[in-house]
file work31.cif (mmCIF, N, CA and C atoms)
data_my_file
#
loop_
_atom_site.label_atom_id
_atom_site.label_comp_id
_atom_site.auth_asym_id
_atom_site.auth_seq_id
_atom_site.Cartn_x
_atom_site.Cartn_y
_atom_site.Cartn_z
N MET A 1 -11.23 -61.10 82.19
CA MET A 1 -11.07 -60.03 81.22
C MET A 1 -10.71 -60.59 79.85
N LYS A 2 -9.78 -61.57 79.83
CA LYS A 2 -9.36 -62.15 78.56
C LYS A 2 -10.52 -62.87 77.89
N LYS A 3 -11.34 -63.56 78.70
CA LYS A 3 -12.49 -64.27 78.15
C LYS A 3 -13.48 -63.28 77.55
N THR A 4 -13.70 -62.16 78.23
CA THR A 4 -14.60 -61.13 77.71
C THR A 4 -14.08 -60.57 76.41
N ARG A 5 -12.79 -60.29 76.34
CA ARG A 5 -12.18 -59.76 75.12
C ARG A 5 -12.34 -60.75 73.97
N ASN A 6 -12.10 -62.03 74.24
CA ASN A 6 -12.23 -63.04 73.20
C ASN A 6 -13.68 -63.17 72.74
N THR A 7 -14.61 -63.08 73.68
CA THR A 7 -16.03 -63.15 73.33
C THR A 7 -16.42 -61.97 72.44
N LEU A 8 -15.99 -60.76 72.82
CA LEU A 8 -16.28 -59.58 72.01
C LEU A 8 -15.67 -59.70 70.62
N LYS A 9 -14.42 -60.16 70.57
CA LYS A 9 -13.74 -60.29 69.29
C LYS A 9 -14.48 -61.29 68.40
N ARG A 10 -14.91 -62.40 68.97
CA ARG A 10 -15.63 -63.41 68.21
C ARG A 10 -16.97 -62.85 67.71
N ARG A 11 -17.70 -62.15 68.59
CA ARG A 11 -18.98 -61.58 68.18
C ARG A 11 -18.81 -60.55 67.09
N TRP A 12 -17.79 -59.69 67.19
CA TRP A 12 -17.55 -58.67 66.17
C TRP A 12 -17.14 -59.30 64.85
N THR A 13 -16.34 -60.35 64.93
CA THR A 13 -15.93 -61.05 63.71
C THR A 13 -17.15 -61.67 63.03
N GLU A 14 -18.04 -62.25 63.82
CA GLU A 14 -19.27 -62.82 63.26
C GLU A 14 -20.14 -61.74 62.62
N ARG A 15 -20.26 -60.60 63.28
CA ARG A 15 -21.05 -59.50 62.73
C ARG A 15 -20.45 -58.98 61.44
N GLN A 16 -19.13 -58.86 61.41
CA GLN A 16 -18.47 -58.38 60.20
C GLN A 16 -18.69 -59.38 59.06
N ALA A 17 -18.64 -60.65 59.36
CA ALA A 17 -18.88 -61.66 58.34
C ALA A 17 -20.31 -61.57 57.81
N ARG A 18 -21.27 -61.35 58.73
CA ARG A 18 -22.67 -61.19 58.31
C ARG A 18 -22.82 -59.97 57.41
N LEU A 19 -22.13 -58.88 57.76
CA LEU A 19 -22.21 -57.66 56.97
C LEU A 19 -21.67 -57.90 55.57
N LYS A 20 -20.51 -58.55 55.47
CA LYS A 20 -19.92 -58.82 54.16
C LYS A 20 -20.83 -59.72 53.33
N GLU A 21 -21.43 -60.70 54.00
CA GLU A 21 -22.32 -61.63 53.32
C GLU A 21 -23.55 -60.90 52.78
N LYS A 22 -24.09 -59.99 53.58
CA LYS A 22 -25.30 -59.28 53.17
C LYS A 22 -25.02 -58.06 52.32
N SER A 23 -23.80 -57.56 52.34
CA SER A 23 -23.52 -56.30 51.64
C SER A 23 -23.82 -56.39 50.15
N LEU A 24 -23.73 -57.56 49.61
CA LEU A 24 -24.05 -57.73 48.20
C LEU A 24 -25.52 -57.44 47.94
N ASN A 25 -26.36 -57.71 48.95
CA ASN A 25 -27.80 -57.50 48.82
C ASN A 25 -28.24 -56.15 49.37
N LEU A 26 -27.31 -55.36 49.87
CA LEU A 26 -27.67 -54.09 50.50
C LEU A 26 -27.33 -52.91 49.59
N ALA A 27 -27.88 -52.92 48.42
CA ALA A 27 -27.58 -51.85 47.47
C ALA A 27 -28.30 -50.56 47.82
N HIS A 28 -29.47 -50.65 48.41
CA HIS A 28 -30.24 -49.45 48.72
C HIS A 28 -29.60 -48.73 49.91
N PRO A 29 -29.29 -47.44 49.78
CA PRO A 29 -28.55 -46.72 50.82
C PRO A 29 -29.28 -46.59 52.16
N VAL A 30 -30.60 -46.61 52.15
CA VAL A 30 -31.36 -46.52 53.41
C VAL A 30 -31.33 -47.88 54.11
N VAL A 31 -31.50 -48.95 53.35
CA VAL A 31 -31.46 -50.30 53.93
C VAL A 31 -30.07 -50.59 54.47
N LYS A 32 -29.05 -50.25 53.72
CA LYS A 32 -27.68 -50.47 54.16
C LYS A 32 -27.37 -49.67 55.42
N ALA A 33 -27.83 -48.43 55.49
CA ALA A 33 -27.61 -47.59 56.69
C ALA A 33 -28.25 -48.25 57.91
N SER A 34 -29.45 -48.74 57.75
CA SER A 34 -30.15 -49.39 58.86
C SER A 34 -29.41 -50.64 59.33
N TYR A 35 -28.97 -51.44 58.38
CA TYR A 35 -28.27 -52.68 58.73
C TYR A 35 -26.93 -52.38 59.42
N ILE A 36 -26.17 -51.45 58.88
CA ILE A 36 -24.87 -51.12 59.47
C ILE A 36 -25.07 -50.52 60.86
N TRP A 37 -26.09 -49.66 61.01
CA TRP A 37 -26.34 -49.08 62.34
C TRP A 37 -26.70 -50.17 63.35
N SER A 38 -27.46 -51.17 62.95
CA SER A 38 -27.83 -52.22 63.90
C SER A 38 -26.59 -52.93 64.44
N ILE A 39 -25.63 -53.19 63.60
CA ILE A 39 -24.38 -53.83 64.03
C ILE A 39 -23.55 -52.85 64.87
N LEU A 40 -23.42 -51.63 64.38
CA LEU A 40 -22.64 -50.62 65.10
C LEU A 40 -23.23 -50.33 66.47
N SER A 41 -24.53 -50.27 66.57
CA SER A 41 -25.19 -50.01 67.85
C SER A 41 -24.89 -51.11 68.87
N GLU A 42 -24.92 -52.35 68.42
CA GLU A 42 -24.56 -53.48 69.30
C GLU A 42 -23.12 -53.35 69.78
N GLN A 43 -22.23 -52.99 68.89
CA GLN A 43 -20.83 -52.83 69.26
C GLN A 43 -20.65 -51.69 70.26
N LEU A 44 -21.33 -50.58 70.04
CA LEU A 44 -21.25 -49.47 70.98
C LEU A 44 -21.75 -49.88 72.36
N CYS A 45 -22.80 -50.67 72.40
CA CYS A 45 -23.32 -51.16 73.68
C CYS A 45 -22.29 -52.04 74.37
N ASP A 46 -21.61 -52.89 73.60
CA ASP A 46 -20.56 -53.75 74.17
C ASP A 46 -19.41 -52.92 74.73
N VAL A 47 -19.01 -51.89 74.02
CA VAL A 47 -17.86 -51.08 74.42
C VAL A 47 -18.20 -50.13 75.55
N LEU A 48 -19.32 -49.44 75.43
CA LEU A 48 -19.66 -48.37 76.38
C LEU A 48 -20.51 -48.84 77.55
N GLY A 49 -21.15 -49.99 77.41
CA GLY A 49 -22.05 -50.47 78.44
C GLY A 49 -23.48 -50.05 78.15
N PRO A 50 -24.43 -50.79 78.69
CA PRO A 50 -25.84 -50.52 78.36
C PRO A 50 -26.36 -49.16 78.84
N GLU A 51 -25.85 -48.67 79.96
CA GLU A 51 -26.34 -47.39 80.48
C GLU A 51 -25.96 -46.24 79.56
N VAL A 52 -24.69 -46.16 79.19
CA VAL A 52 -24.23 -45.09 78.30
C VAL A 52 -24.88 -45.24 76.93
N HIS A 53 -24.95 -46.46 76.44
CA HIS A 53 -25.58 -46.70 75.14
C HIS A 53 -27.03 -46.23 75.16
N HIS A 54 -27.74 -46.59 76.21
CA HIS A 54 -29.15 -46.21 76.31
C HIS A 54 -29.30 -44.68 76.33
N GLN A 55 -28.43 -44.01 77.07
CA GLN A 55 -28.54 -42.56 77.21
C GLN A 55 -28.26 -41.83 75.90
N TRP A 56 -27.23 -42.26 75.15
CA TRP A 56 -26.80 -41.48 73.99
C TRP A 56 -27.15 -42.09 72.64
N PHE A 57 -27.36 -43.40 72.58
CA PHE A 57 -27.51 -44.03 71.27
C PHE A 57 -28.84 -44.74 71.05
N LYS A 58 -29.67 -44.87 72.06
CA LYS A 58 -30.94 -45.58 71.92
C LYS A 58 -31.86 -44.91 70.90
N GLN A 59 -31.87 -43.58 70.88
CA GLN A 59 -32.79 -42.86 70.00
C GLN A 59 -32.18 -42.47 68.65
N VAL A 60 -30.98 -42.93 68.38
CA VAL A 60 -30.35 -42.65 67.09
C VAL A 60 -31.09 -43.41 66.00
N LYS A 61 -31.36 -42.71 64.90
CA LYS A 61 -32.04 -43.34 63.76
C LYS A 61 -31.15 -43.23 62.53
N PRO A 62 -30.84 -44.35 61.91
CA PRO A 62 -30.05 -44.30 60.68
C PRO A 62 -30.93 -43.75 59.55
N LEU A 63 -30.37 -42.83 58.78
CA LEU A 63 -31.15 -42.24 57.69
C LEU A 63 -30.74 -42.80 56.33
N VAL A 64 -29.45 -42.69 56.02
CA VAL A 64 -28.99 -43.08 54.68
C VAL A 64 -27.46 -43.14 54.70
N ILE A 65 -26.91 -43.84 53.73
CA ILE A 65 -25.48 -43.75 53.46
C ILE A 65 -25.34 -43.01 52.14
N SER A 66 -24.59 -41.93 52.18
CA SER A 66 -24.38 -41.13 50.99
C SER A 66 -22.94 -40.67 50.95
N HIS A 67 -22.28 -40.88 49.84
CA HIS A 67 -20.87 -40.49 49.67
C HIS A 67 -20.01 -41.05 50.80
N ASN A 68 -20.23 -42.30 51.16
CA ASN A 68 -19.49 -43.00 52.21
C ASN A 68 -19.68 -42.39 53.60
N VAL A 69 -20.80 -41.69 53.80
CA VAL A 69 -21.12 -41.11 55.10
C VAL A 69 -22.42 -41.74 55.60
N LEU A 70 -22.36 -42.36 56.77
CA LEU A 70 -23.55 -42.88 57.42
C LEU A 70 -24.18 -41.73 58.18
N ILE A 71 -25.35 -41.27 57.72
CA ILE A 71 -26.03 -40.14 58.33
C ILE A 71 -27.01 -40.66 59.36
N LEU A 72 -26.82 -40.17 60.60
CA LEU A 72 -27.60 -40.65 61.74
C LEU A 72 -28.32 -39.48 62.40
N GLU A 73 -29.59 -39.68 62.68
CA GLU A 73 -30.39 -38.62 63.30
C GLU A 73 -30.48 -38.83 64.80
N VAL A 74 -30.29 -37.74 65.54
CA VAL A 74 -30.44 -37.76 67.00
C VAL A 74 -31.54 -36.77 67.38
N PRO A 75 -32.09 -36.89 68.60
CA PRO A 75 -33.26 -36.09 68.95
C PRO A 75 -33.05 -34.57 68.97
N ASN A 76 -31.86 -34.12 69.36
CA ASN A 76 -31.67 -32.67 69.50
C ASN A 76 -30.22 -32.28 69.25
N HIS A 77 -30.02 -30.98 69.15
CA HIS A 77 -28.69 -30.44 68.85
C HIS A 77 -27.68 -30.78 69.95
N PHE A 78 -28.11 -30.75 71.21
CA PHE A 78 -27.21 -31.08 72.31
C PHE A 78 -26.67 -32.51 72.15
N SER A 79 -27.55 -33.44 71.84
CA SER A 79 -27.11 -34.83 71.65
C SER A 79 -26.11 -34.94 70.50
N ALA A 80 -26.37 -34.24 69.41
CA ALA A 80 -25.45 -34.27 68.27
C ALA A 80 -24.08 -33.74 68.68
N GLN A 81 -24.05 -32.64 69.42
CA GLN A 81 -22.78 -32.08 69.87
C GLN A 81 -22.07 -33.01 70.84
N TRP A 82 -22.81 -33.57 71.78
CA TRP A 82 -22.21 -34.45 72.79
C TRP A 82 -21.59 -35.68 72.14
N ILE A 83 -22.34 -36.30 71.26
CA ILE A 83 -21.84 -37.49 70.57
C ILE A 83 -20.63 -37.13 69.73
N HIS A 84 -20.69 -36.00 69.03
CA HIS A 84 -19.55 -35.59 68.22
C HIS A 84 -18.31 -35.39 69.08
N THR A 85 -18.47 -34.74 70.21
CA THR A 85 -17.35 -34.43 71.09
C THR A 85 -16.79 -35.66 71.79
N HIS A 86 -17.67 -36.54 72.25
CA HIS A 86 -17.24 -37.64 73.12
C HIS A 86 -17.16 -39.01 72.45
N TYR A 87 -17.94 -39.24 71.40
CA TYR A 87 -18.02 -40.60 70.86
C TYR A 87 -17.78 -40.71 69.35
N HIS A 88 -17.68 -39.59 68.66
CA HIS A 88 -17.58 -39.63 67.20
C HIS A 88 -16.37 -40.44 66.72
N GLU A 89 -15.23 -40.26 67.37
CA GLU A 89 -14.03 -40.99 66.96
C GLU A 89 -14.22 -42.50 67.14
N LEU A 90 -14.81 -42.90 68.26
CA LEU A 90 -15.08 -44.32 68.50
C LEU A 90 -16.03 -44.87 67.43
N VAL A 91 -17.09 -44.13 67.14
CA VAL A 91 -18.05 -44.56 66.13
C VAL A 91 -17.35 -44.76 64.79
N ASP A 92 -16.51 -43.81 64.40
CA ASP A 92 -15.82 -43.92 63.12
C ASP A 92 -14.80 -45.06 63.09
N VAL A 93 -14.15 -45.33 64.22
CA VAL A 93 -13.22 -46.46 64.28
C VAL A 93 -14.00 -47.77 64.09
N LEU A 94 -15.12 -47.91 64.79
CA LEU A 94 -15.93 -49.13 64.64
C LEU A 94 -16.47 -49.25 63.21
N LEU A 95 -16.87 -48.14 62.62
CA LEU A 95 -17.32 -48.16 61.22
C LEU A 95 -16.21 -48.59 60.28
N SER A 96 -15.02 -48.09 60.53
CA SER A 96 -13.90 -48.40 59.64
C SER A 96 -13.54 -49.88 59.66
N VAL A 97 -13.85 -50.55 60.74
CA VAL A 97 -13.62 -52.00 60.80
C VAL A 97 -14.56 -52.70 59.81
N MET A 98 -15.77 -52.18 59.67
CA MET A 98 -16.73 -52.77 58.74
C MET A 98 -16.44 -52.36 57.30
N ASP A 99 -16.09 -51.09 57.12
CA ASP A 99 -15.82 -50.57 55.78
C ASP A 99 -14.90 -49.37 55.94
N LYS A 100 -13.68 -49.48 55.43
CA LYS A 100 -12.66 -48.45 55.62
C LYS A 100 -13.07 -47.09 55.06
N LYS A 101 -13.99 -47.07 54.11
CA LYS A 101 -14.39 -45.81 53.49
C LYS A 101 -15.48 -45.07 54.28
N LEU A 102 -16.15 -45.76 55.20
CA LEU A 102 -17.28 -45.15 55.88
C LEU A 102 -16.86 -44.22 57.02
N THR A 103 -17.63 -43.17 57.19
CA THR A 103 -17.53 -42.28 58.33
C THR A 103 -18.96 -41.96 58.77
N SER A 104 -19.10 -41.31 59.91
CA SER A 104 -20.44 -41.03 60.42
C SER A 104 -20.70 -39.53 60.49
N PHE A 105 -21.98 -39.22 60.53
CA PHE A 105 -22.42 -37.83 60.62
C PHE A 105 -23.69 -37.82 61.44
N PHE A 106 -23.68 -37.11 62.58
CA PHE A 106 -24.85 -37.03 63.46
C PHE A 106 -25.53 -35.69 63.25
N ILE A 107 -26.83 -35.73 63.04
CA ILE A 107 -27.61 -34.52 62.81
C ILE A 107 -28.85 -34.56 63.69
N SER A 108 -29.21 -33.41 64.23
CA SER A 108 -30.42 -33.35 65.06
C SER A 108 -31.65 -33.30 64.16
N GLN A 109 -32.79 -33.67 64.73
CA GLN A 109 -34.03 -33.65 63.96
C GLN A 109 -34.32 -32.26 63.42
N SER A 110 -34.11 -31.23 64.24
CA SER A 110 -34.41 -29.87 63.79
C SER A 110 -33.46 -29.44 62.67
N GLU A 111 -32.19 -29.80 62.75
CA GLU A 111 -31.25 -29.46 61.68
C GLU A 111 -31.64 -30.18 60.40
N ARG A 112 -32.07 -31.40 60.53
CA ARG A 112 -32.43 -32.18 59.35
C ARG A 112 -33.60 -31.54 58.61
N HIS A 113 -34.57 -31.06 59.35
CA HIS A 113 -35.75 -30.49 58.71
C HIS A 113 -35.49 -29.11 58.11
N HIS A 114 -34.43 -28.45 58.56
CA HIS A 114 -34.12 -27.12 58.05
C HIS A 114 -33.01 -27.14 57.01
N ALA A 115 -32.43 -28.29 56.77
CA ALA A 115 -31.27 -28.38 55.87
C ALA A 115 -31.66 -29.05 54.56
N PRO A 116 -31.39 -28.39 53.45
CA PRO A 116 -31.67 -29.02 52.16
C PRO A 116 -30.59 -30.03 51.79
N LYS A 117 -30.93 -30.94 50.94
CA LYS A 117 -29.99 -31.86 50.33
C LYS A 117 -29.24 -32.73 51.32
N ILE A 118 -29.94 -33.25 52.33
CA ILE A 118 -29.26 -34.12 53.30
C ILE A 118 -28.72 -35.37 52.63
N ALA A 119 -29.43 -35.88 51.66
CA ALA A 119 -29.00 -37.12 51.02
C ALA A 119 -27.72 -36.97 50.22
N THR A 120 -27.32 -35.74 49.93
CA THR A 120 -26.11 -35.56 49.16
C THR A 120 -24.88 -35.51 50.04
N GLY A 121 -25.08 -35.44 51.37
CA GLY A 121 -23.93 -35.41 52.27
C GLY A 121 -23.27 -34.04 52.33
N MET A 122 -23.96 -32.99 51.90
CA MET A 122 -23.39 -31.65 51.93
C MET A 122 -23.39 -31.13 53.35
N ALA A 123 -22.53 -30.16 53.63
CA ALA A 123 -22.50 -29.54 54.95
C ALA A 123 -23.87 -28.95 55.22
N LEU A 124 -24.39 -29.18 56.44
CA LEU A 124 -25.77 -28.83 56.72
C LEU A 124 -25.91 -27.57 57.54
N SER A 125 -24.97 -27.25 58.39
CA SER A 125 -24.99 -26.01 59.15
C SER A 125 -23.64 -25.84 59.80
N GLU A 126 -23.44 -24.74 60.45
CA GLU A 126 -22.16 -24.47 61.08
C GLU A 126 -22.06 -25.21 62.41
N GLY A 127 -20.86 -25.47 62.87
CA GLY A 127 -20.66 -26.04 64.19
C GLY A 127 -20.07 -27.43 64.13
N PRO A 128 -19.42 -27.85 65.22
CA PRO A 128 -18.73 -29.13 65.23
C PRO A 128 -19.66 -30.32 65.13
N ALA A 129 -20.90 -30.19 65.56
CA ALA A 129 -21.80 -31.33 65.52
C ALA A 129 -22.26 -31.65 64.12
N THR A 130 -22.07 -30.73 63.20
CA THR A 130 -22.57 -30.96 61.86
C THR A 130 -21.49 -30.91 60.80
N GLU A 131 -20.26 -31.07 61.21
CA GLU A 131 -19.19 -31.12 60.23
C GLU A 131 -19.19 -32.48 59.56
N VAL A 132 -19.08 -32.49 58.28
CA VAL A 132 -19.02 -33.75 57.55
C VAL A 132 -17.57 -33.99 57.18
N LYS A 133 -17.05 -35.12 57.62
CA LYS A 133 -15.71 -35.49 57.21
C LYS A 133 -15.83 -36.11 55.83
N ARG A 134 -15.25 -35.48 54.85
CA ARG A 134 -15.31 -36.01 53.50
C ARG A 134 -14.08 -36.87 53.23
N GLN A 135 -14.33 -37.96 52.60
CA GLN A 135 -13.23 -38.83 52.20
C GLN A 135 -12.63 -38.26 50.92
N SER A 136 -11.33 -38.32 50.81
CA SER A 136 -10.71 -37.85 49.57
C SER A 136 -11.06 -38.78 48.44
N GLU A 137 -11.12 -38.24 47.25
CA GLU A 137 -11.53 -39.01 46.08
C GLU A 137 -10.56 -40.14 45.74
N ASP A 138 -9.33 -40.03 46.20
CA ASP A 138 -8.35 -41.05 45.82
C ASP A 138 -8.23 -42.17 46.84
N GLU A 139 -9.14 -42.25 47.81
CA GLU A 139 -9.10 -43.37 48.75
C GLU A 139 -9.84 -44.55 48.17
#

call {"tool": "encode", "arguments": {"input": "work31.cif", "output": "C-alpha cells"}}
result
Amino acid sequence: MKKTRNTLKRRWTERQARLKEKSLNLAHPVVKASYIWSILSEQLCDVLGPEVHHQWFKQVKPLVISHNVLILEVPNHFSAQWIHTHYHELVDVLLSVMDKKLTSFFISQSERHHAPKIATGMALSEGPATEVKRQSEDE
C-alpha cells in the first residue's frame, strides 16, 4: 500500500510539474482545458480504478476554461447529475492541486446545445448538475 501511495504521489508530482511547465504555452482556453482534463482524467483513473473511470469519465469531453471554470461535457443529464452528486468534490480537489483557482462544471450535451453563452461560464439551467461554483473576485 505504501509503495502504491508513493508511486501515485510521484506520478502526480510529475504531472503537476508538466502542467506548470506547459502552462506558459497554454494560453488558449480550449487547449488548456484539454490538457488539464488529460491529467485530471489519469488521476481519476488512479483514484477510482479503471472500471469506475470507464463508466463515468471515459466519454467526458473538455470544452473550455472560462472564469476559472473547467467546463466538461458528458453524454446525458443523468451522467451530469451522477458525477455532480458522487464525484464533483473529488474532481475539484484534484483540480485545486493543479490550480487553486480552478473548479469544474459538468454539462450534458443536450443542455449545452440549448444554453446560450456557455463560454462565459454563466448558469446554464436549473438543478444541481448545472450549478456553477463561482470563485470570489478577491481570491

call {"tool": "atom_distance", "arguments": {"input": "work31.cif", "atom1": "CA of Leu72 in chain A", "atom2": "CA of Ser104 in chain A"}}
result
7.3 Å

call {"tool": "axis_aligned_box", "arguments": {"input": "work31.cif", "around": "range 68-85 of chain A", "padding_each_side": "8 Å", "output": "AutoDock Vina command-line options"}}
result
--center_x -25.0 --center_y -36.7 --center_z 62.0 --size_x 32.5 --size_y 28.6 --size_z 37.6

call {"tool": "closest_residue", "arguments": {"input": "work31.cif", "among": "A:Val64, A:Leu40, A:Leu48, A:Ala80", "to": "Leu94 in chain A", "atoms": "all atoms listed in the file"}}
result
A:Leu40

call {"tool": "closest_atom_pairs", "arguments": {"input": "work31.cif", "of": "range 37-118 of chain A", "to": "range 3-8 of chain A", "cutoff": "10 Å", "atoms": "only C-alpha atoms", "output": "JSON lines"}}
result
{"residue": "A:Gln43", "atom": "CA", "partner": "A:Leu8", "partner_atom": "CA", "distance": 8.6}
{"residue": "A:Asp46", "atom": "CA", "partner": "A:Leu8", "partner_atom": "CA", "distance": 7.5}
{"residue": "A:Val47", "atom": "CA", "partner": "A:Leu8", "partner_atom": "CA", "distance": 9.0}

call {"tool": "closest_residue", "arguments": {"input": "work31.cif", "among": "A:Met98, A:Gly49, A:His88, A:Ala27", "to": "Arg15 in chain A", "atoms": "only N, CA and C atoms"}}
result
A:Met98

call {"tool": "atom_distance", "arguments": {"input": "work31.cif", "atom1": "atom N of Ser108 in chain A", "atom2": "CA of Ser79 in chain A"}}
result
7.8 Å

call {"tool": "select_by_dssp", "arguments": {"input": "work31.cif", "residues": "range 5-66 of chain A", "states": "alpha helix (DSSP H)", "output": "PyMOL selection string"}}
result
chain A and resi 5-23+29-48+50-57

call {"tool": "closest_residue", "arguments": {"input": "work31.cif", "among": "A:Leu90, A:Val30, A:Leu95, A:Cys45", "to": "Ile65 in chain A", "atoms": "only C-alpha atoms"}}
result
A:Val30

call {"tool": "atom_distance", "arguments": {"input": "work31.cif", "atom1": "atom C of Glu51 in chain A", "atom2": "CA of Pro75 in chain A"}}
result
16.4 Å

call {"tool": "resolve_selection", "arguments": {"input": "work31.cif", "expression": "the PyMOL selection byres ((chain A and resi 107) around 6)", "output": "ChimeraX atom specification"}}
result
/A:72-74,80,105-106,108-109,111-112
